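Reproduced below: query.tsv, with TSV, C-alpha atoms.
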chain	number	residue	atom	x	y	z
A	11	MET	CA	22.13	27.61	-15.27
A	12	ALA	CA	23.12	24.13	-14.06
A	13	HIS	CA	22.32	21.25	-16.43
A	14	SER	CA	19.65	18.83	-15.24
A	15	ASN	CA	18.38	15.58	-16.65
A	16	THR	CA	14.66	15.01	-17.07
A	17	ILE	CA	12.44	14.61	-14.04
A	18	LEU	CA	11.77	11.01	-15.17
A	19	SER	CA	15.48	10.24	-15.17
A	20	GLN	CA	15.92	11.69	-11.67
A	21	VAL	CA	12.93	9.74	-10.32
A	22	LEU	CA	14.30	6.49	-11.78
A	23	LYS	CA	17.62	7.16	-10.04
A	24	LEU	CA	15.77	6.66	-6.76
A	25	ILE	CA	15.58	2.95	-7.64
A	26	PRO	CA	18.73	1.14	-6.38
A	27	ARG	CA	20.04	-0.17	-9.73
A	28	HIS	CA	22.58	-2.63	-8.27
A	29	GLU	CA	19.83	-4.34	-6.27
A	30	PHE	CA	17.54	-4.21	-9.32
A	31	ARG	CA	20.16	-6.01	-11.47
A	32	LYS	CA	20.79	-8.58	-8.75
A	33	LEU	CA	17.08	-9.38	-8.48
A	34	ALA	CA	16.81	-9.63	-12.28
A	35	GLU	CA	19.65	-12.17	-12.36
A	36	GLU	CA	18.02	-14.20	-9.57
A	37	HIS	CA	14.56	-14.28	-11.15
A	38	ASP	CA	15.28	-14.29	-14.89
A	39	GLY	CA	18.77	-15.74	-15.31
A	40	ARG	CA	20.23	-15.37	-18.79
A	41	ARG	CA	17.92	-14.10	-21.51
A	42	ARG	CA	18.25	-13.46	-25.23
A	43	SER	CA	20.24	-10.36	-26.04
A	44	ASP	CA	17.41	-8.97	-28.19
A	45	ALA	CA	14.71	-9.57	-25.55
A	46	MET	CA	13.29	-6.68	-23.53
A	47	THR	CA	15.20	-6.25	-20.30
A	48	ARG	CA	13.62	-5.96	-16.89
A	49	TRP	CA	14.79	-2.38	-16.61
A	50	THR	CA	13.24	-1.38	-19.95
A	51	GLN	CA	9.98	-3.01	-18.87
A	52	PHE	CA	10.07	-1.19	-15.56
A	53	VAL	CA	10.86	2.18	-17.21
A	54	ALA	CA	7.95	1.74	-19.62
A	55	MET	CA	5.41	0.61	-17.02
A	56	SER	CA	6.43	3.12	-14.35
A	57	THR	CA	6.26	5.90	-16.97
A	58	ALA	CA	2.73	4.72	-17.72
A	59	GLN	CA	1.92	5.04	-14.01
A	60	LEU	CA	3.40	8.53	-13.70
A	61	THR	CA	1.79	9.86	-16.90
A	62	GLY	CA	-1.56	8.07	-16.71
A	63	ARG	CA	-1.15	6.00	-19.89
A	64	THR	CA	-3.92	3.41	-20.29
A	65	SER	CA	-2.87	1.26	-23.28
A	66	LEU	CA	0.20	-0.30	-24.89
A	67	ARG	CA	-0.15	2.02	-27.88
A	68	ASP	CA	-0.29	4.97	-25.49
A	69	ILE	CA	2.92	3.87	-23.75
A	70	GLU	CA	4.71	3.23	-27.04
A	71	SER	CA	3.83	6.64	-28.51
A	72	THR	CA	4.73	8.48	-25.27
A	73	LEU	CA	8.18	6.91	-25.03
A	74	GLY	CA	8.66	7.08	-28.81
A	75	SER	CA	8.20	10.83	-28.74
A	76	GLN	CA	11.06	11.10	-26.22
A	77	ARG	CA	13.66	8.86	-27.89
A	78	HIS	CA	16.35	11.50	-27.50
A	79	LEU	CA	16.02	11.11	-23.71
A	80	ARG	CA	16.35	7.31	-23.68
A	81	TYR	CA	20.05	7.45	-22.84
A	82	HIS	CA	19.35	9.17	-19.52
A	83	THR	CA	16.81	6.55	-18.39
A	84	GLY	CA	18.97	3.58	-19.38
A	85	GLY	CA	16.03	1.84	-21.05
A	86	GLY	CA	15.82	0.36	-24.52
A	87	GLU	CA	13.31	0.80	-27.31
A	88	VAL	CA	9.71	-0.07	-26.43
A	89	THR	CA	7.16	-1.43	-28.86
A	90	ARG	CA	3.64	-2.65	-28.15
A	91	SER	CA	4.46	-6.24	-29.02
A	92	SER	CA	7.69	-6.43	-27.01
A	93	LEU	CA	6.12	-4.84	-23.92
A	94	SER	CA	3.07	-7.10	-24.16
A	95	ARG	CA	5.33	-10.15	-24.45
A	96	ALA	CA	7.41	-9.05	-21.46
A	97	ASN	CA	4.32	-8.49	-19.30
A	98	GLN	CA	3.04	-11.96	-20.17
A	99	THR	CA	6.25	-13.95	-19.82
A	100	LEU	CA	8.43	-12.19	-17.20
A	101	SER	CA	7.23	-13.38	-13.78
A	102	TYR	CA	5.59	-10.78	-11.56
A	103	ASN	CA	7.39	-12.37	-8.59
A	104	PHE	CA	10.35	-10.15	-9.50
A	105	TYR	CA	8.31	-7.05	-8.66
A	106	GLU	CA	7.14	-8.59	-5.39
A	107	SER	CA	10.82	-8.88	-4.42
A	108	LEU	CA	11.52	-5.32	-5.59
A	109	PHE	CA	8.50	-4.14	-3.59
A	110	SER	CA	9.99	-5.71	-0.42
A	111	LYS	CA	13.35	-4.00	-1.06
A	112	LEU	CA	11.73	-0.59	-1.54
A	113	TYR	CA	9.56	-1.02	1.56
A	114	LYS	CA	12.58	-1.81	3.75
A	115	ARG	CA	14.32	1.30	2.44
A	116	CYS	CA	11.29	3.49	3.20
A	117	GLN	CA	11.17	2.21	6.78
A	118	PHE	CA	14.38	4.04	7.66
A	119	ALA	CA	13.00	7.42	6.56
A	120	SER	CA	9.26	7.21	7.29
A	121	PRO	CA	7.63	9.12	10.19
A	122	SER	CA	6.10	7.25	13.14
A	123	HIS	CA	2.41	6.50	13.74
A	124	PRO	CA	0.46	8.93	15.99
A	125	PHE	CA	0.33	6.73	19.13
A	126	ARG	CA	2.67	6.82	22.11
A	127	PHE	CA	3.57	3.14	21.99
A	128	LYS	CA	6.59	2.14	19.91
A	129	ASN	CA	5.14	-1.12	18.54
A	130	LYS	CA	4.71	-1.38	14.77
A	131	LEU	CA	1.10	-0.86	13.71
A	132	PHE	CA	-0.39	-2.55	10.63
A	133	SER	CA	-3.87	-2.47	9.09
A	134	LEU	CA	-5.12	-5.36	6.96
A	135	ASP	CA	-7.72	-5.11	4.24
A	136	SER	CA	-8.44	-6.06	0.64
A	137	SER	CA	-10.01	-4.35	-2.34
A	138	LEU	CA	-11.59	-5.71	-5.50
A	139	LEU	CA	-10.18	-4.66	-8.88
A	140	GLU	CA	-13.13	-5.19	-11.21
A	141	VAL	CA	-12.41	-6.27	-14.79
A	142	SER	CA	-14.41	-7.40	-17.81
A	143	LEU	CA	-15.64	-10.98	-17.61
A	144	LYS	CA	-15.23	-11.36	-21.39
A	145	VAL	CA	-11.62	-10.17	-21.38
A	146	PHE	CA	-10.62	-11.86	-18.08
A	147	PRO	CA	-12.59	-15.13	-17.89
A	148	GLN	CA	-9.91	-16.59	-15.60
A	149	ALA	CA	-10.87	-14.01	-12.93
A	150	ASP	CA	-14.52	-15.12	-12.73
A	151	TYR	CA	-16.07	-13.56	-9.61
A	152	ASN	CA	-19.78	-14.09	-10.19
A	153	ARG	CA	-22.17	-14.35	-13.11
A	154	LEU	CA	-22.03	-10.61	-13.76
A	155	LYS	CA	-18.38	-9.62	-13.37
A	156	ALA	CA	-14.79	-10.70	-12.99
A	157	ALA	CA	-12.37	-9.30	-10.45
A	158	TYR	CA	-8.95	-9.58	-8.93
A	159	LYS	CA	-8.36	-8.84	-5.27
A	160	LEU	CA	-5.52	-6.78	-3.85
A	161	HIS	CA	-4.64	-7.94	-0.31
A	162	LEU	CA	-2.69	-5.30	1.58
A	163	GLY	CA	-1.00	-4.71	4.90
A	164	LEU	CA	-0.54	-0.98	5.56
A	165	ASP	CA	2.34	0.15	7.78
A	166	HIS	CA	1.16	3.17	9.78
A	167	ASP	CA	4.73	4.45	10.03
A	168	GLY	CA	4.44	6.66	6.98
A	169	LEU	CA	1.21	5.00	5.76
A	170	ILE	CA	3.04	2.84	3.23
A	171	PRO	CA	2.17	-0.67	1.99
A	172	ALA	CA	4.20	-3.33	3.79
A	173	PHE	CA	2.60	-6.49	2.35
A	174	ALA	CA	0.80	-6.84	-0.96
A	175	THR	CA	-0.49	-9.76	-3.02
A	176	ILE	CA	-2.96	-10.01	-5.90
A	177	THR	CA	-5.27	-13.02	-6.12
A	178	SER	CA	-8.51	-13.93	-7.84
A	179	GLY	CA	-11.54	-12.12	-6.46
A	180	LYS	CA	-12.93	-15.24	-4.80
A	181	THR	CA	-9.92	-15.73	-2.54
A	182	GLY	CA	-10.92	-15.16	1.08
A	183	ASP	CA	-9.26	-12.48	3.18
A	184	GLN	CA	-8.42	-14.95	5.95
A	185	THR	CA	-6.68	-17.29	3.51
A	186	HIS	CA	-4.15	-14.65	2.57
A	187	ALA	CA	-3.82	-13.13	6.05
A	188	LYS	CA	-2.54	-16.42	7.44
A	189	ARG	CA	0.43	-16.23	5.06
A	190	MET	CA	1.57	-12.83	6.35
A	191	SER	CA	4.44	-12.65	8.81
A	192	PHE	CA	4.51	-9.76	11.29
A	193	PRO	CA	7.35	-8.68	13.61
A	194	ARG	CA	6.98	-9.90	17.17
A	195	GLY	CA	5.32	-7.25	19.35
A	196	SER	CA	3.57	-5.53	16.44
A	197	VAL	CA	-0.11	-4.53	16.48
A	198	VAL	CA	-2.44	-5.66	13.70
A	199	VAL	CA	-5.91	-4.16	13.18
A	200	PHE	CA	-8.54	-5.61	10.84
A	201	ASP	CA	-12.29	-5.74	10.32
A	202	ARG	CA	-14.70	-8.61	10.92
A	203	GLY	CA	-13.85	-10.17	7.57
A	204	TYR	CA	-10.71	-11.56	9.25
A	205	ASN	CA	-12.51	-13.05	12.27
A	206	ASP	CA	-10.96	-16.49	12.53
A	207	TYR	CA	-10.56	-17.61	16.14
A	208	SER	CA	-7.78	-20.09	15.41
A	209	TRP	CA	-5.80	-17.40	13.54
A	210	HIS	CA	-6.34	-14.97	16.42
A	211	LYS	CA	-4.90	-17.58	18.79
A	212	GLN	CA	-1.96	-18.14	16.45
A	213	LEU	CA	-1.17	-14.40	16.44
A	214	THR	CA	-1.31	-14.34	20.25
A	215	LEU	CA	1.11	-17.27	20.51
A	216	GLN	CA	3.49	-15.43	18.15
A	217	GLY	CA	3.55	-12.40	20.46
A	218	ILE	CA	1.49	-10.22	18.11
A	219	PHE	CA	-1.28	-7.96	19.39
A	220	TRP	CA	-4.46	-7.46	17.41
A	221	VAL	CA	-7.64	-5.35	17.47
A	222	THR	CA	-10.88	-6.06	15.63
A	223	ARG	CA	-14.66	-5.87	16.02
A	224	ILE	CA	-16.52	-8.68	17.72
A	225	ARG	CA	-18.94	-10.87	15.82
A	226	GLY	CA	-22.59	-10.04	16.34
A	227	ASN	CA	-23.42	-13.66	17.20
A	228	ALA	CA	-20.41	-14.28	19.47
A	229	GLN	CA	-21.14	-16.36	22.57
A	230	TYR	CA	-19.10	-15.45	25.64
A	231	ARG	CA	-19.18	-14.94	29.39
A	232	VAL	CA	-17.73	-12.00	31.30
A	233	LEU	CA	-14.82	-12.84	33.60
A	234	GLU	CA	-14.04	-9.30	34.79
A	235	ARG	CA	-15.51	-5.82	34.51
A	236	ARG	CA	-13.20	-2.79	34.55
A	237	ASP	CA	-13.85	0.83	35.46
A	238	ILE	CA	-14.71	3.01	32.48
A	239	ASP	CA	-14.62	6.73	31.63
A	240	LYS	CA	-17.92	7.56	29.95
A	241	ALA	CA	-16.64	11.05	29.15
A	242	GLN	CA	-14.28	9.42	26.60
A	243	GLY	CA	-17.12	7.51	24.96
A	244	ILE	CA	-16.23	4.17	26.59
A	245	THR	CA	-19.37	2.14	27.41
A	246	SER	CA	-17.74	-1.09	28.64
A	247	ASP	CA	-14.33	-2.65	29.33
A	248	GLN	CA	-14.45	-6.36	30.11
A	249	ILE	CA	-12.38	-9.53	30.12
A	250	ILE	CA	-14.37	-12.26	28.38
A	251	GLU	CA	-14.13	-15.91	27.46
A	252	TYR	CA	-15.81	-17.50	24.45
A	253	THR	CA	-18.27	-20.23	25.40
A	254	ALA	CA	-19.28	-21.77	22.06
A	255	LYS	CA	-18.38	-25.44	21.55
A	256	ARG	CA	-15.91	-24.72	18.74
A	257	SER	CA	-14.23	-22.05	20.85
A	258	ARG	CA	-13.80	-24.49	23.76
A	259	GLU	CA	-12.34	-27.10	21.40
A	260	ASN	CA	-9.73	-24.60	20.18
A	261	ASN	CA	-8.87	-23.75	23.82
A	262	LEU	CA	-8.99	-20.02	23.12
A	263	HIS	CA	-7.39	-17.54	25.51
A	264	PRO	CA	-9.48	-14.91	27.37
A	265	LEU	CA	-9.86	-11.63	25.49
A	266	ARG	CA	-10.65	-8.02	26.21
A	267	ARG	CA	-13.98	-6.57	25.08
A	268	VAL	CA	-14.27	-2.77	24.73
A	269	GLY	CA	-17.48	-0.88	23.96
A	270	TYR	CA	-17.17	2.59	22.43
A	271	ARG	CA	-19.67	5.19	21.20
A	272	ASP	CA	-18.37	7.58	18.55
A	273	PRO	CA	-19.23	11.13	19.69
A	274	ASP	CA	-19.39	12.39	16.07
A	275	SER	CA	-21.64	9.76	14.50
A	276	GLY	CA	-23.31	8.37	17.62
A	277	LYS	CA	-22.60	4.81	16.43
A	278	HIS	CA	-21.72	2.14	18.96
A	279	TYR	CA	-18.79	-0.21	18.33
A	280	VAL	CA	-17.61	-3.25	20.24
A	281	PHE	CA	-13.94	-4.23	19.86
A	282	ILE	CA	-12.01	-7.29	20.99
A	283	THR	CA	-8.27	-7.45	21.53
A	284	ASN	CA	-5.60	-9.56	23.18
A	285	HIS	CA	-3.91	-6.51	24.73
A	286	PHE	CA	-4.93	-5.89	28.34
A	287	GLN	CA	-2.72	-2.93	29.40
A	288	TRP	CA	-3.57	-0.06	27.06
A	289	SER	CA	-6.46	2.23	27.87
A	290	ALA	CA	-9.84	1.50	26.33
A	291	LYS	CA	-9.61	4.84	24.50
A	292	THR	CA	-6.34	3.71	22.87
A	293	ILE	CA	-7.97	0.47	21.70
A	294	ALA	CA	-10.78	2.48	20.09
A	295	GLY	CA	-8.22	4.87	18.56
A	296	ILE	CA	-6.25	1.97	17.06
A	297	TYR	CA	-9.32	0.60	15.32
A	298	LYS	CA	-10.23	4.08	14.07
A	299	GLN	CA	-6.81	4.20	12.36
A	300	ARG	CA	-7.88	1.22	10.23
A	301	TRP	CA	-9.69	3.76	8.05
A	302	GLN	CA	-6.27	4.75	6.68
A	303	VAL	CA	-6.07	1.55	4.63
A	304	GLU	CA	-9.43	2.41	3.04
A	305	LEU	CA	-8.07	5.84	2.15
A	306	PHE	CA	-4.95	4.19	0.69
A	307	PHE	CA	-7.03	2.04	-1.66
A	308	LYS	CA	-8.99	5.12	-2.73
A	309	TRP	CA	-5.75	7.05	-3.34
A	310	ILE	CA	-4.03	4.49	-5.55
A	311	LYS	CA	-7.18	3.90	-7.59
A	312	GLN	CA	-7.48	7.64	-8.24
A	313	ASN	CA	-3.81	8.42	-8.84
A	314	LEU	CA	-2.24	5.23	-10.25
A	315	LYS	CA	-3.31	2.90	-13.04
A	316	ILE	CA	-4.69	-0.27	-11.43
A	317	LYS	CA	-8.24	-0.16	-12.82
A	318	ALA	CA	-7.50	-0.31	-16.58
A	319	PHE	CA	-5.00	-3.01	-17.53
A	320	VAL	CA	-2.70	-3.15	-20.55
A	321	GLY	CA	-2.59	-6.97	-20.58
A	322	ASN	CA	-5.25	-9.64	-20.18
A	323	THR	CA	-3.23	-12.41	-18.56
A	324	GLU	CA	-2.92	-12.97	-14.83
A	325	ASN	CA	0.82	-12.29	-14.91
A	326	ALA	CA	0.33	-9.01	-16.81
A	327	VAL	CA	-2.28	-7.80	-14.31
A	328	MET	CA	-0.15	-8.67	-11.30
A	329	THR	CA	2.91	-7.07	-12.92
A	330	GLN	CA	1.04	-3.81	-13.49
A	331	VAL	CA	-0.32	-3.66	-9.94
A	332	MET	CA	3.03	-4.47	-8.31
A	333	ILE	CA	4.81	-1.82	-10.44
A	334	ALA	CA	2.14	0.68	-9.34
A	335	LEU	CA	2.92	-0.13	-5.69
A	336	CYS	CA	6.68	0.11	-6.37
A	337	THR	CA	6.06	3.54	-7.92
A	338	TYR	CA	4.12	4.56	-4.81
A	339	LEU	CA	6.99	3.49	-2.54
A	340	THR	CA	9.47	5.39	-4.72
A	341	ILE	CA	7.47	8.62	-4.44
A	342	ALA	CA	6.97	8.02	-0.70
A	343	PHE	CA	10.74	7.57	-0.25
A	344	LEU	CA	11.34	10.85	-2.10
A	345	LYS	CA	8.88	12.61	0.22
A	346	PHE	CA	10.36	11.11	3.43
A	347	HIS	CA	14.03	11.37	2.51
A	348	ALA	CA	13.85	14.94	1.18
A	349	LYS	CA	11.34	15.99	3.87
A	350	ILE	CA	8.98	17.45	1.28
A	351	GLY	CA	5.98	19.19	2.81
A	352	HIS	CA	3.67	18.50	-0.15
A	353	SER	CA	1.16	15.65	-0.03
A	354	LEU	CA	1.82	12.54	-2.11
A	355	GLN	CA	-0.97	13.59	-4.45
A	356	GLN	CA	0.63	17.00	-5.01
A	357	ILE	CA	4.02	15.38	-5.60
A	358	CYS	CA	2.56	12.98	-8.17
A	359	ARG	CA	0.78	15.80	-10.00
A	360	LEU	CA	3.91	17.93	-10.19
A	361	ILE	CA	5.93	14.97	-11.49
A	362	HIS	CA	3.19	14.11	-13.99
A	363	VAL	CA	3.15	17.63	-15.48
A	364	ASN	CA	6.96	17.95	-15.61
A	365	LEU	CA	8.01	14.34	-16.27
A	366	PHE	CA	10.00	15.07	-19.45
A	367	ALA	CA	11.15	18.56	-18.46
A	368	LYS	CA	14.87	19.13	-17.92
A	369	ARG	CA	15.04	20.74	-14.52
A	370	GLU	CA	16.07	19.97	-10.97
A	371	LEU	CA	13.71	17.49	-9.31
A	372	MET	CA	13.68	19.23	-5.92
A	373	GLY	CA	13.00	22.54	-7.66
A	374	LEU	CA	9.46	21.30	-8.34
A	375	PHE	CA	8.64	21.49	-4.66
A	376	ARG	CA	10.15	24.86	-3.83
A	377	ALA	CA	8.09	28.04	-3.95
A	378	PRO	CA	8.89	30.21	-6.97
A	379	PRO	CA	11.08	33.25	-6.21
A	380	GLU	CA	9.38	36.58	-5.75
A	381	PRO	CA	9.63	38.91	-8.77
A	382	TYR	CA	12.61	41.25	-8.61
A	383	GLU	CA	11.81	44.92	-8.45
A	384	ASN	CA	14.48	47.49	-9.37
A	385	SER	CA	14.03	50.39	-6.99
A	386	TYR	CA	16.40	52.53	-9.07
A	387	GLN	CA	14.25	52.45	-12.17
A	388	GLN	CA	12.91	55.90	-13.02
A	389	VAL	CA	9.22	56.39	-12.70
A	390	LEU	CA	7.47	58.51	-15.35
A	391	ILE	CA	4.81	60.76	-13.96

Could you rewrite the structure in this file as structure tokens?
Amino acid sequence: MAHSNTILSQVLKLIPRHEFRKLAEEHDGRRRSDAMTRWTQFVAMSTAQLTGRTSLRDIESTLGSQRHLRYHTGGGEVTRSSLSRANQTLSYNFYESLFSKLYKRCQFASPSHPFRFKNKLFSLDSSLLEVSLKVFPQADYNRLKAAYKLHLGLDHDGLIPAFATITSGKTGDQTHAKRMSFPRGSVVVFDRGYNDYSWHKQLTLQGIFWVTRIRGNAQYRVLERRDIDKAQGITSDQIIEYTAKRSRENNLHPLRRVGYRDPDSGKHYVFITNHFQWSAKTIAGIYKQRWQVELFFKWIKQNLKIKAFVGNTENAVMTQVMIALCTYLTIAFLKFHAKIGHSLQQICRLIHVNLFAKRELMGLFRAPPEPYENSYQQVLI
């Protein structure tokens, strides 16, 4: 039988170590020789993500029970105090840079989105990460609770996170969205929480297409009415121009207004977009894909540890969330690169159960061999 390192060691080898070291030198510079290294911190926190550990004591005891395997991971000894200190003092910006590196690598292996057009498609949304107001007073959200907010841009090529930032819960979605930079020609879909006319105009001037739902109180006049196919659920297809005073002051461009009735739920939706060539059905389909970002938030909250935090400082929280997203991109890269047919949830569960087992990583995802039957064996009657 061929010798194999642990599953944990093989998963960690998916992280480009030379780029990891380079980023550590750029962000941390020289540190004390006895201080916890970035790699040891990452090994400890990613192990916590893959095994579902929820406390510093939990992480310490898990890694302490596997000290004989430390050589294969390349990490040092982990204690509660040293890991807590590292999470508080080592800037989370390092993991934002690592996240960007891992995302770029996933792009080369990820499958395409389901539409015919070749433009990149992104969905924007945010999700609250509720925490205790007593433990996290700096994240005050209202009188009853505290919360951080994860702002995310989901790339529909592979359904992987492309942009991610953690802020206080009170930070508006539009505030963060204006800081994102999208490739020219890409398509961005978002809900009404991002309805900012000046930002919409800015995206249009940058050559970026967008799709969203129209405000209920929007004032506009119809410039052109297009033919529609009611059999596809389309109720209207118009070119409109906003007429409110603020809209006129911003000199907004004409937009396209598409009405659509969902045949399954019977609900009626009205979308606006700055793309005039695609069919109305495609516009409705693009907005329907925005649901994928909601499913992504649900997935990471169920399968990764971003609801219970092992540190109570802002830097520790952001470090834990960014490492969770880096872990997600690592598993996604494994799935894309190896063309594994299992879902990401199945892959995570198999890794979780076998993390410290010494066996071939890809063997986890192959069907077990059929039992061998010796046809020459005598049968007693």

Which residues of region 33-55 of chain A come within 10 Å of region 65-80 of chain A, and for each one, what is the closest pair of atoms and their distance in Å to one decimal, counting all atoms listed in the file, sorted by chain and residue number, as a tab-separated table?
residue	atom	partner	partner_atom	distance
A:Thr50	CA	A:Arg80	CA	10.0
A:Val53	CA	A:Leu73	CA	9.5
A:Ala54	CA	A:Ile69	CA	6.8
A:Met55	CA	A:Ile69	CA	7.9

Go ahead and save the residues from that selection, with C-alpha atoms, as an mmCIF file, in the frame of the given file.
data_model
loop_
_atom_site.group_PDB
_atom_site.id
_atom_site.type_symbol
_atom_site.label_atom_id
_atom_site.label_comp_id
_atom_site.auth_asym_id
_atom_site.auth_seq_id
_atom_site.Cartn_x
_atom_site.Cartn_y
_atom_site.Cartn_z
ATOM 1 C CA THR A 50 13.240 -1.380 -19.950
ATOM 2 C CA VAL A 53 10.860 2.180 -17.210
ATOM 3 C CA ALA A 54 7.950 1.740 -19.620
ATOM 4 C CA MET A 55 5.410 0.610 -17.020
#

Find the residues around Gly243 (chain A) up to 10 Å (all atoms listed in the file counted), leave out those fewer than 6 positions away in its own chain, and share them as number ranges by chain.
A: 269-273, 276, 278, 290-291, 294

What's around Lys159 (chain A) at 9 Å? Count all atoms listed in the file, leave out sequence neighbours fewer than 5 positions away in its own chain, and write the answer as a list in words.
Ser136, Ser137, Leu138, Leu139, Glu140, Thr175, Ile176, Thr177, Ser178, Gly179, Lys180 and Thr181 of chain A

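Using all atoms listed in the file, the shortest contact distance between Ser191 (chain A) and any of A:Ser208, A:Gln287, A:Gln216, A:Asn260 is found at A:Gln216.
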
Considering only C-alpha atoms, state which residue in the set A:Asn205, A:Gln242, A:Ser107, A:Gln212 is at the smallest distance from Arg189 (chain A).
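Among the listed residues, the smallest separation from Arg189 (chain A) belongs to A:Gln212.
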
Extract, using all atoms listed in the file, all DNA, RNA and protein residues at most 6 Å from region 332-341 of chain A, discarding same-chain residues fewer than 2 positions from it, and format them as a VMD selection string.
chain A and resid 105 109 329 to 330 343 to 344

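For the pair CA of Trp209 (chain A) and CA of Lys128 (chain A), the interatomic distance is 24.0 Å.
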